[in-house]
>>> print(open('data_33.txt').read())   # compact mmCIF, C-alpha atoms
# COMPACT_ATOMS: atom_id res chain seq x y z
CA MET A 22 -3.55 -29.36 25.81
CA SER A 23 -2.05 -27.15 28.51
CA ASP A 24 -4.31 -25.72 31.22
CA GLN A 25 -1.97 -22.79 31.67
CA PRO A 26 -3.41 -19.40 30.62
CA PRO A 27 -1.73 -17.74 27.63
CA PRO A 28 1.11 -15.37 28.51
CA GLU A 29 0.11 -11.75 28.89
CA ARG A 30 1.14 -9.40 26.13
CA PRO A 31 3.56 -6.70 27.30
CA LYS A 32 1.79 -3.44 27.95
CA THR A 33 2.71 -0.48 25.76
CA LYS A 34 3.16 2.72 27.73
CA ALA A 35 1.12 5.64 26.42
CA PHE A 36 4.00 8.03 25.71
CA ASP A 37 2.18 9.91 22.92
CA LEU A 38 -1.00 10.27 24.96
CA LEU A 39 0.94 11.45 28.00
CA ALA A 40 2.73 14.05 25.87
CA SER A 41 -0.64 15.38 24.63
CA VAL A 42 -2.00 15.54 28.17
CA ALA A 43 1.15 17.28 29.41
CA ALA A 44 0.92 19.88 26.64
CA PHE A 45 -2.74 20.49 27.51
CA ALA A 46 -1.92 20.78 31.21
CA ARG A 47 0.84 23.31 30.58
CA GLU A 48 -1.32 25.38 28.22
CA HIS A 49 -4.14 25.56 30.78
CA CYS A 50 -1.93 25.81 33.88
CA ILE A 51 -3.19 22.55 35.36
CA ALA A 52 -0.94 20.37 37.51
CA LEU A 53 -0.43 16.81 36.28
CA ASN A 54 -1.67 15.52 39.66
CA ASP A 55 -4.85 17.60 39.54
CA PRO A 56 -7.80 15.14 39.82
CA SER A 57 -9.77 17.12 37.23
CA LEU A 58 -7.06 16.92 34.53
CA VAL A 59 -8.27 13.79 32.76
CA GLU A 60 -11.90 14.92 32.65
CA ARG A 61 -10.97 18.39 31.37
CA PHE A 62 -8.58 16.91 28.76
CA VAL A 63 -11.25 14.55 27.44
CA ALA A 64 -13.84 17.35 27.34
CA ASP A 65 -11.44 19.50 25.34
CA ALA A 66 -10.37 16.67 23.01
CA THR A 67 -13.83 15.27 22.20
CA PRO A 68 -15.05 18.02 19.82
CA LYS A 69 -11.63 18.20 18.16
CA LEU A 70 -11.63 14.44 17.60
CA GLU A 71 -15.18 14.54 16.23
CA GLU A 72 -14.16 17.32 13.87
CA ALA A 73 -11.13 15.34 12.70
CA LEU A 74 -13.19 12.21 12.07
CA ALA A 75 -15.61 14.28 9.98
CA ASP A 76 -12.83 15.78 7.82
CA PRO A 77 -12.52 13.60 4.69
CA THR A 78 -9.37 15.37 3.47
CA LEU A 79 -7.60 14.70 6.76
CA ILE A 80 -8.83 11.10 6.92
CA HIS A 81 -7.85 10.23 3.33
CA GLY A 82 -4.51 12.01 3.67
CA SER A 83 -3.68 10.17 6.90
CA ARG A 84 -4.66 6.83 5.36
CA THR A 85 -2.45 7.56 2.35
CA GLU A 86 0.55 8.20 4.62
CA ARG A 87 0.00 4.83 6.28
CA LEU A 88 -0.45 3.23 2.84
CA PHE A 89 2.91 4.62 1.71
CA GLU A 90 4.58 3.23 4.82
CA ALA A 91 3.03 -0.21 4.29
CA THR A 92 3.91 -0.14 0.57
CA VAL A 93 7.59 0.58 1.26
CA LEU A 94 7.64 -2.23 3.82
CA SER A 95 6.03 -4.59 1.31
CA LEU A 96 8.33 -3.72 -1.59
CA GLY A 97 11.21 -4.40 0.76
CA HIS A 98 14.06 -2.37 -0.76
CA PHE A 99 15.19 -0.24 2.17
CA ARG A 100 17.48 -0.33 5.20
CA LEU A 101 15.43 1.94 7.42
CA LEU A 102 12.07 3.68 7.31
CA LYS A 103 10.92 6.08 10.01
CA THR A 104 8.29 8.73 10.52
CA GLU A 105 10.12 12.06 10.35
CA ASP A 106 7.42 14.60 11.23
CA VAL A 107 6.94 13.61 14.86
CA GLY A 108 8.43 15.09 17.99
CA ARG A 109 9.65 18.61 18.63
CA VAL A 110 11.93 20.34 16.13
CA HIS A 111 14.10 23.34 17.03
CA ALA A 112 15.50 25.09 13.98
CA ALA A 113 17.20 28.38 13.20
CA ASP A 114 14.91 28.90 10.19
CA THR A 115 11.23 28.17 9.65
CA CYS A 116 10.84 24.73 8.19
CA ARG A 117 8.52 21.74 7.93
CA ALA A 118 9.62 18.14 8.44
CA PRO A 119 8.54 15.81 5.61
CA ASP A 120 6.49 12.74 6.49
CA PHE A 121 9.18 10.04 6.25
CA ARG A 122 12.89 9.33 6.12
CA VAL A 123 13.96 6.34 4.01
CA VAL A 124 17.43 4.84 3.96
CA LEU A 125 17.73 2.96 0.67
CA ASP A 126 19.55 -0.30 0.00
CA ASP A 127 22.67 1.58 -1.14
CA GLY A 128 22.71 3.82 1.93
CA GLU A 129 21.30 6.95 0.26
CA GLN A 130 18.71 8.75 2.36
CA TRP A 131 15.50 10.33 1.14
CA LEU A 132 13.10 12.65 2.92
CA VAL A 133 9.63 11.92 1.58
CA GLU A 134 6.51 14.06 1.71
CA VAL A 135 3.36 12.07 0.92
CA LYS A 136 0.50 13.60 -1.03
CA ASN A 137 -2.91 12.14 -1.93
CA VAL A 138 -4.43 13.34 -5.22
CA ARG A 139 -7.90 12.59 -6.56
CA SER A 140 -9.09 14.78 -9.42
CA LYS A 141 -12.62 14.15 -10.69
CA GLU A 142 -11.60 13.82 -14.34
CA PRO A 143 -9.69 10.53 -14.89
CA PHE A 144 -7.41 11.83 -17.63
CA LYS A 145 -6.70 15.24 -16.11
CA GLN A 146 -4.96 14.22 -12.89
CA LYS A 147 -2.66 16.94 -11.61
CA THR A 148 -1.55 18.52 -8.37
CA GLN A 149 0.27 21.60 -7.18
CA MET A 150 2.06 22.90 -4.12
CA THR A 151 2.51 26.47 -3.00
CA ALA A 152 5.94 28.07 -3.01
CA ALA A 153 5.80 28.60 0.77
CA TYR A 154 4.91 24.96 1.52
CA LEU A 155 7.57 23.56 -0.81
CA ALA A 156 10.18 25.99 0.52
CA SER A 157 9.49 24.92 4.12
CA LEU A 158 10.04 21.26 3.18
CA GLN A 159 13.16 22.09 1.18
CA THR A 160 14.62 24.14 4.05
CA TYR A 161 14.34 21.13 6.36
CA ALA A 162 15.88 18.84 3.72
CA ASP A 163 18.79 21.26 3.20
CA MET A 164 19.38 21.45 6.95
CA VAL A 165 19.73 17.68 7.34
CA GLY A 166 21.52 17.21 4.01
CA ALA A 167 19.11 14.73 2.39
CA PRO A 168 17.26 15.07 -0.94
CA LEU A 169 13.54 15.82 -0.84
CA LYS A 170 11.14 13.53 -2.71
CA LEU A 171 7.39 13.75 -3.19
CA ALA A 172 5.45 10.48 -3.04
CA ILE A 173 2.16 11.15 -4.82
CA PHE A 174 -0.70 8.68 -4.69
CA TRP A 175 -3.00 9.19 -7.68
CA SER A 176 -5.87 7.48 -5.92
CA LEU A 177 -8.32 7.37 -8.85
CA TRP A 178 -5.76 5.21 -10.69
CA ASN A 179 -4.19 3.52 -7.67
CA ILE A 180 -0.76 4.68 -8.85
CA TRP A 181 2.21 5.72 -6.72
CA THR A 182 4.88 8.00 -8.14
CA VAL A 183 7.98 9.24 -6.31
CA ILE A 184 9.48 12.36 -7.89
CA SER A 185 12.18 14.93 -7.29
CA PRO A 186 10.40 18.29 -6.99
CA ASP A 187 13.13 20.36 -8.68
CA ARG A 188 12.14 19.41 -12.22
CA PHE A 189 8.55 20.50 -11.59
CA ARG A 190 9.17 23.82 -9.86
CA ARG A 191 7.34 26.82 -11.29
CA PRO A 192 8.97 30.21 -11.83
CA ASN A 193 7.30 31.47 -8.63
CA GLY A 194 8.88 28.66 -6.57
CA GLY A 195 5.75 26.52 -6.35
CA LEU A 196 5.16 23.15 -7.95
CA ARG A 197 2.78 21.80 -10.55
CA VAL A 198 2.81 18.26 -11.94
CA THR A 199 0.47 16.07 -13.96
CA MET A 200 0.16 12.35 -13.39
CA LYS A 201 1.54 11.68 -16.87
CA ASP A 202 4.71 13.66 -16.18
CA ALA A 203 5.07 12.15 -12.71
CA VAL A 204 4.89 8.61 -14.13
CA ILE A 205 7.65 9.47 -16.62
CA ALA A 206 9.84 10.89 -13.81
CA ASN A 207 8.93 8.15 -11.33
CA GLU A 208 11.81 7.04 -9.06
CA SER A 209 9.87 4.38 -7.12
CA GLY A 210 12.04 1.68 -8.68
CA ARG A 211 14.63 2.58 -6.03
CA LEU A 212 12.11 1.33 -3.47
CA GLY A 213 11.58 -1.96 -5.33
CA GLU A 214 8.72 -1.04 -7.65
CA VAL A 215 8.34 -3.46 -10.58
CA ILE A 216 5.82 -4.11 -13.33
CA ILE A 217 4.83 -7.78 -13.13
CA MET A 218 4.07 -9.81 -16.26
CA THR A 219 3.05 -13.45 -16.58
CA LYS A 220 1.14 -15.73 -18.95
CA ALA A 221 -2.62 -16.15 -18.90
CA PRO A 222 -4.70 -17.62 -17.48
CA LEU A 223 -4.21 -17.97 -13.74
CA ARG A 224 -6.62 -20.48 -12.20
CA LEU A 225 -7.78 -21.36 -8.72
CA VAL A 226 -9.51 -24.75 -8.51
CA LEU A 227 -11.43 -25.64 -5.37
CA GLY A 228 -11.92 -29.40 -5.42
CA ALA A 229 -14.89 -31.05 -3.72
CA SER A 230 -14.11 -33.45 -0.90
CA THR A 231 -14.71 -36.95 -2.29
CA ASP A 232 -15.86 -38.45 1.00
CA MET A 233 -18.63 -35.90 1.54
CA PRO A 234 -21.89 -35.28 -0.38
CA ARG A 235 -21.50 -33.02 -3.40
CA SER A 236 -23.97 -31.91 -6.03
CA LEU A 237 -24.80 -29.30 -8.63
CA SER A 238 -28.45 -28.33 -9.00
CA ALA A 239 -30.19 -27.59 -12.29
CA GLU A 240 -30.04 -23.91 -11.33
CA GLY A 241 -26.24 -24.12 -11.01
CA LEU A 242 -26.11 -24.06 -7.21
CA ALA A 243 -23.11 -26.05 -5.97
CA ASN A 244 -23.29 -27.92 -2.67
CA PHE A 245 -19.95 -29.32 -1.53
CA ILE A 246 -17.19 -29.27 1.07
CA ILE A 247 -13.82 -27.97 -0.15
CA GLY A 248 -11.29 -30.77 -0.12
CA SER A 249 -8.42 -29.11 -2.00
CA ALA A 250 -7.29 -25.76 -3.35
CA LYS A 251 -4.98 -25.86 -6.37
CA LEU A 252 -3.41 -23.01 -8.28
CA TYR A 253 -2.52 -23.24 -11.96
CA SER A 254 -0.66 -21.21 -14.54
CA GLY A 255 -2.54 -22.30 -17.63
CA ASP A 256 -2.74 -26.07 -17.25
CA VAL A 257 0.40 -26.36 -15.11
CA GLU A 258 -0.23 -26.88 -11.40
CA LEU A 259 1.88 -24.71 -9.11
CA THR A 260 3.26 -26.70 -6.20
CA ASP A 261 6.26 -24.63 -5.02
CA PRO A 262 5.21 -22.44 -2.05
CA ARG A 263 6.74 -19.29 -3.57
CA ASP A 264 4.98 -19.88 -6.90
CA ARG A 265 1.68 -20.51 -5.14
CA LYS A 266 1.93 -17.46 -2.90
CA LEU A 267 2.71 -15.05 -5.74
CA ALA A 268 0.05 -16.59 -8.00
CA GLU A 269 -2.53 -16.19 -5.23
CA VAL A 270 -1.58 -12.54 -4.74
CA LEU A 271 -1.69 -11.85 -8.50
CA LEU A 272 -5.02 -13.60 -8.94
CA LEU A 273 -6.74 -11.90 -6.01
CA TYR A 274 -5.30 -8.38 -6.29
CA GLY A 275 -3.89 -8.10 -9.81
CA GLU A 276 -5.54 -6.27 -12.68
CA TRP A 277 -6.98 -9.22 -14.58
CA SER A 278 -10.70 -9.96 -14.59
CA ILE A 279 -11.83 -13.05 -12.71
CA GLU A 280 -14.52 -15.33 -14.09
CA GLY A 281 -16.20 -17.78 -11.78
CA PRO A 282 -17.08 -19.80 -9.92
CA LEU A 283 -17.29 -22.23 -12.84
CA ALA A 284 -18.33 -25.83 -12.31
CA VAL A 285 -15.66 -28.51 -12.72
CA THR A 286 -16.70 -32.06 -13.63
CA ASP A 287 -14.77 -35.33 -13.64
CA GLY A 288 -16.24 -38.28 -15.52
CA GLY A 289 -19.58 -36.52 -15.63
CA GLU A 290 -19.65 -35.95 -11.88
CA PHE A 291 -19.43 -32.60 -10.15
CA ALA A 292 -15.87 -32.21 -8.83
CA GLY A 293 -15.62 -28.61 -7.65
CA VAL A 294 -15.41 -25.05 -8.95
CA GLU A 295 -12.72 -22.89 -10.48
CA PHE A 296 -11.95 -19.19 -10.81
CA VAL A 297 -10.13 -18.05 -13.95
CA ALA A 298 -8.20 -14.76 -14.28
CA ASN A 299 -7.48 -13.29 -17.72
CA PRO A 300 -6.48 -9.82 -18.95
CA GLU A 301 -9.21 -7.67 -20.45
CA GLU A 302 -7.29 -7.58 -23.72
CA SER A 303 -4.62 -10.11 -24.66
CA SER A 304 -1.45 -9.18 -26.49
CA ASP A 305 0.10 -11.26 -29.24
CA GLN A 306 3.37 -11.57 -27.31
CA GLY A 307 2.23 -14.23 -24.84
CA TRP A 308 3.24 -12.09 -21.85
CA GLU A 309 0.55 -10.03 -20.13
CA GLY A 310 0.99 -7.27 -17.58
CA ILE A 311 -0.93 -7.99 -14.39
CA GLY A 312 0.04 -4.87 -12.48
CA TRP A 313 2.65 -2.74 -10.75
CA ALA A 314 3.66 -4.23 -7.42
CA SER A 315 2.51 -1.10 -5.55
CA ARG A 316 -0.89 -1.11 -7.30
CA ILE A 317 -1.40 -4.76 -6.44
CA PHE A 318 -0.56 -4.06 -2.80
CA SER A 319 -2.76 -0.94 -2.64
CA ARG A 320 -5.80 -3.04 -3.61
CA TYR A 321 -5.03 -5.38 -0.73
CA TYR A 322 -4.64 -2.40 1.61
CA ALA A 323 -7.93 -0.91 0.40
CA ALA A 324 -9.72 -4.17 1.20
CA GLN A 325 -8.62 -3.68 4.82
CA THR A 326 -9.25 0.05 5.15
CA ILE A 327 -12.00 1.11 2.72
CA ASP A 328 -15.72 0.25 2.67
CA GLY A 329 -17.38 1.73 -0.39
CA ASP A 330 -16.19 5.32 -0.41
CA GLN A 331 -15.64 5.47 3.35
CA VAL A 332 -12.35 5.05 5.19
CA ILE A 333 -12.96 2.60 8.03
CA GLN A 334 -9.32 2.20 9.18
CA LEU A 335 -6.14 4.21 8.71
CA HIS A 336 -3.79 1.30 9.36
CA GLY A 337 -3.68 -1.91 7.32
CA GLU A 338 -1.26 -4.81 7.37
CA ALA A 339 1.92 -4.68 5.30
CA ALA A 340 2.92 -7.76 3.28
CA PRO A 341 6.75 -7.88 3.23
CA GLU A 342 6.71 -11.53 2.12
CA TRP A 343 4.90 -10.76 -1.15
CA PHE A 344 7.54 -9.05 -3.29
CA ALA A 345 10.84 -9.68 -1.50
CA PRO A 346 11.21 -13.07 -3.29
CA LEU A 347 11.23 -11.25 -6.64
CA SER A 348 14.78 -10.06 -5.90
CA ASP A 349 16.12 -13.61 -6.27
CA TRP A 350 13.35 -15.29 -8.24
CA ASP A 351 14.27 -18.66 -9.79
CA PHE A 352 13.17 -17.80 -13.32
CA LYS A 353 14.65 -21.01 -14.73
CA ASN A 354 12.89 -23.53 -12.48
CA SER A 355 9.72 -21.69 -11.49
CA LYS A 356 6.49 -23.10 -12.94
CA LEU A 357 4.99 -19.63 -12.77
CA PRO A 358 6.20 -17.73 -15.88
CA LEU A 359 7.40 -14.30 -14.82
CA LEU A 360 8.83 -11.18 -16.41
CA LEU A 361 9.66 -8.10 -14.34
CA GLY A 362 9.81 -4.58 -15.73
CA ARG A 363 12.01 -2.27 -13.69
CA VAL A 364 10.67 1.24 -13.06
CA GLN A 365 13.46 3.72 -13.80
CA ALA A 366 13.30 7.47 -14.07
CA PRO A 367 15.23 9.05 -16.97
CA GLY A 368 18.72 10.19 -16.02
>>> encode(input="data_33.txt", output="structure tokens")
Amino acid sequence: MSDQPPPERPKTKAFDLLASVAAFAREHCIALNDPSLVERFVADATPKLEEALADPTLIHGSRTERLFEATVLSLGHFRLLKTEDVGRVHAADTCRAPDFRVVLDDGEQWLVEVKNVRSKEPFKQKTQMTAAYLASLQTYADMVGAPLKLAIFWSLWNIWTVISPDRFRRPNGGLRVTMKDAVIANESGRLGEVIIMTKAPLRLVLGASTDMPRSLSAEGLANFIIGSAKLYSGDVELTDPRDRKLAEVLLLYGEWSIEGPLAVTDGGEFAGVEFVANPEESSDQGWEGIGWASRIFSRYYAAQTIDGDQVIQLHGEAAPEWFAPLSDWDFKNSKLPLLLGRVQAPG
């Protein structure tokens, strides 16, 4: 083992923070080299920050923007993704920059405004946008020559839809859309959205180490050291790394119910435990839907950023390795049965 200290991480210069301080200094006629600047900036910022942290609409909306970014990265069907509504904009007409610019696989560019929707009634999810707000977004889109899209996260259902606003414009220039209509018009397939289907059950078996004490009490309490972790589709063990990774993701964050831990015995001896995932209701076709890719990822993101009904982080990790393999999946040789439903909006 080397005695050398680990290399230092390169320091990131605080460009955004400096810009905020500079704007504050200019507004209050304070020189940047004034010794009181930092203290006065912090004093001014503290109540504003406290107010922002206490604003659930702002917090949930900001988290949803970051969730959209991470979802696009994880679906993996894009050339470029950048935040559009940052920095100064000088325009001849009043306009509002949408949240993101996406360059798709085929080179087409989208400007995307992200919206978080959570209606109290599960089956009456809808949202609307004022004519002035929509017009300001459209003016910006027209100026840069890229189509405007609305990415709506129906958070009660964990569903993303990406729609073109034109088909939902009201006579007064505003917008109104229900979740049902947005799902029908959903264009998120262009970003790599798929509906994933496989065969039940999926199983995770944690085997007890054979060279360590292991037991199962009369009350069902297992005492053992994990010696192996095996994933199965039905009774078929998954050994290919791609099969195992996707099966793990589907089992942990898919829509099937998980039963377990269940005791596993071998020759009458306790051998470990297993977790078994099955759909709530089975079809007679053999293939069962386990979730949209974006819904599966949003559960993973929620585990990083939500505690109960409280947002504890805005930023979570993306998972670009999860769904990229689906583009060239080896359906013939994979031991994990897989069907993919492409999400396509009507022409």
>>> closest_residue(input="data_33.txt", among="A:Leu96, A:Ala162, A:Thr151, A:Thr219", to="Ser304 in chain A", atoms="only C-alpha atoms")
A:Thr219
>>> closest_residue(input="data_33.txt", among="A:Asp202, A:Asp127, A:Glu342, A:Glu90", to="Gln146 in chain A", atoms="only C-alpha atoms")
A:Asp202
>>> atom_distance(input="data_33.txt", atom1="CA of Leu225 in chain A", atom2="CA of Leu242 in chain A")
18.6 Å
>>> closest_residue(input="data_33.txt", among="A:Leu335, A:Ala167, A:Ala118, A:Ala366", to="Val183 in chain A", atoms="all atoms listed in the file")
A:Ala366
>>> residues_near_point(input="data_33.txt", point="(3.8, 9.4, 4.9)", cutoff="12 Å", atoms="only C-alpha atoms", output="PyMOL selection string")
chain A and resi 81-93+102-107+118-123+132-137+170-174+183+335-336
>>> write_last_selection(input="data_33.txt", atoms="C-alpha atoms", output="mmCIF file, in the coordinates of the input")
data_model
loop_
_atom_site.group_PDB
_atom_site.id
_atom_site.type_symbol
_atom_site.label_atom_id
_atom_site.label_comp_id
_atom_site.auth_asym_id
_atom_site.auth_seq_id
_atom_site.Cartn_x
_atom_site.Cartn_y
_atom_site.Cartn_z
ATOM 1 C CA HIS A 81 -7.850 10.230 3.330
ATOM 2 C CA GLY A 82 -4.510 12.010 3.670
ATOM 3 C CA SER A 83 -3.680 10.170 6.900
ATOM 4 C CA ARG A 84 -4.660 6.830 5.360
ATOM 5 C CA THR A 85 -2.450 7.560 2.350
ATOM 6 C CA GLU A 86 0.550 8.200 4.620
ATOM 7 C CA ARG A 87 0.000 4.830 6.280
ATOM 8 C CA LEU A 88 -0.450 3.230 2.840
ATOM 9 C CA PHE A 89 2.910 4.620 1.710
ATOM 10 C CA GLU A 90 4.580 3.230 4.820
ATOM 11 C CA ALA A 91 3.030 -0.210 4.290
ATOM 12 C CA THR A 92 3.910 -0.140 0.570
ATOM 13 C CA VAL A 93 7.590 0.580 1.260
ATOM 14 C CA LEU A 102 12.070 3.680 7.310
ATOM 15 C CA LYS A 103 10.920 6.080 10.010
ATOM 16 C CA THR A 104 8.290 8.730 10.520
ATOM 17 C CA GLU A 105 10.120 12.060 10.350
ATOM 18 C CA ASP A 106 7.420 14.600 11.230
ATOM 19 C CA VAL A 107 6.940 13.610 14.860
ATOM 20 C CA ALA A 118 9.620 18.140 8.440
ATOM 21 C CA PRO A 119 8.540 15.810 5.610
ATOM 22 C CA ASP A 120 6.490 12.740 6.490
ATOM 23 C CA PHE A 121 9.180 10.040 6.250
ATOM 24 C CA ARG A 122 12.890 9.330 6.120
ATOM 25 C CA VAL A 123 13.960 6.340 4.010
ATOM 26 C CA LEU A 132 13.100 12.650 2.920
ATOM 27 C CA VAL A 133 9.630 11.920 1.580
ATOM 28 C CA GLU A 134 6.510 14.060 1.710
ATOM 29 C CA VAL A 135 3.360 12.070 0.920
ATOM 30 C CA LYS A 136 0.500 13.600 -1.030
ATOM 31 C CA ASN A 137 -2.910 12.140 -1.930
ATOM 32 C CA LYS A 170 11.140 13.530 -2.710
ATOM 33 C CA LEU A 171 7.390 13.750 -3.190
ATOM 34 C CA ALA A 172 5.450 10.480 -3.040
ATOM 35 C CA ILE A 173 2.160 11.150 -4.820
ATOM 36 C CA PHE A 174 -0.700 8.680 -4.690
ATOM 37 C CA VAL A 183 7.980 9.240 -6.310
ATOM 38 C CA LEU A 335 -6.140 4.210 8.710
ATOM 39 C CA HIS A 336 -3.790 1.300 9.360
#
>>> residues_near_point(input="data_33.txt", point="(8.6, -26.9, -11.8)", cutoff="9 Å", atoms="all atoms listed in the file", output="PyMOL selection string")
chain A and resi 257-261+353-357
>>> atom_distance(input="data_33.txt", atom1="CA of Ile333 in chain A", atom2="CA of Leu74 in chain A")
10.4 Å
>>> closest_atom_pairs(input="data_33.txt", of="range 76-194 of chain A", to="range 315-331 of chain A", cutoff="7 Å", atoms="all atoms listed in the file", output="tab-separated table")
residue	atom	partner	partner_atom	distance
A:Thr92	CA	A:Ser315	CA	6.4
A:Asn179	CA	A:Arg316	CA	5.7
A:Ile180	CA	A:Arg316	CA	6.0
A:Trp181	CA	A:Ser315	CA	6.9
>>> atom_distance(input="data_33.txt", atom1="CA of Arg197 in chain A", atom2="CA of Phe99 in chain A")
28.3 Å
>>> axis_aligned_box(input="data_33.txt", around="range 281-290 of chain A", padding_each_side="5 Å", output="AutoDock Vina command-line options")
--center_x -17.2 --center_y -28.0 --center_z -12.8 --size_x 14.9 --size_y 30.5 --size_z 15.7
>>> residues_around(input="data_33.txt", residues="Ser348 in chain A", least_positions_apart="2", cutoff="12 Å", atoms="only C-alpha atoms", output="list in words")
Leu96, Gly97, His98, Leu212, Gly213, Glu214, Val215, Glu342, Trp343, Phe344, Ala345, Pro346, Trp350, Asp351, Phe352, Leu361 and Arg363 of chain A
>>> closest_residue(input="data_33.txt", among="A:Arg191, A:Val364, A:Ser209, A:Pro358", to="Gly255 in chain A", atoms="all atoms listed in the file")
A:Pro358
>>> closest_residue(input="data_33.txt", among="A:Asp264, A:Asp287, A:Glu295, A:Glu269", to="Leu359 in chain A", atoms="all atoms listed in the file")
A:Asp264
>>> closest_residue(input="data_33.txt", among="A:Gln334, A:Ser176, A:Gln149, A:Thr286", to="Ala229 in chain A", atoms="only C-alpha atoms")
A:Thr286
>>> residues_around(input="data_33.txt", residues="Ala203 in chain A", least_positions_apart="2", cutoff="10 Å", atoms="only C-alpha atoms", output="list in words")
Lys147, Leu171, Ala172, Ile173, Trp175, Trp181, Thr182, Val183, Ile184, Ser185, Pro186, Phe189, Val198, Thr199, Met200, Lys201, Ile205, Ala206, Asn207, Glu208 and Ala366 of chain A
>>> closest_atom_pairs(input="data_33.txt", of="range 62-177 of chain A", to="range 34-55 of chain A", cutoff="10 Å", atoms="only C-alpha atoms", output="JSON lines")
{"residue": "A:Phe62", "atom": "CA", "partner": "A:Val42", "partner_atom": "CA", "distance": 6.7}
{"residue": "A:Val63", "atom": "CA", "partner": "A:Val42", "partner_atom": "CA", "distance": 9.3}
{"residue": "A:Asp65", "atom": "CA", "partner": "A:Phe45", "partner_atom": "CA", "distance": 9.0}
{"residue": "A:Ala66", "atom": "CA", "partner": "A:Phe45", "partner_atom": "CA", "distance": 9.6}
{"residue": "A:Gly108", "atom": "CA", "partner": "A:Asp37", "partner_atom": "CA", "distance": 9.5}
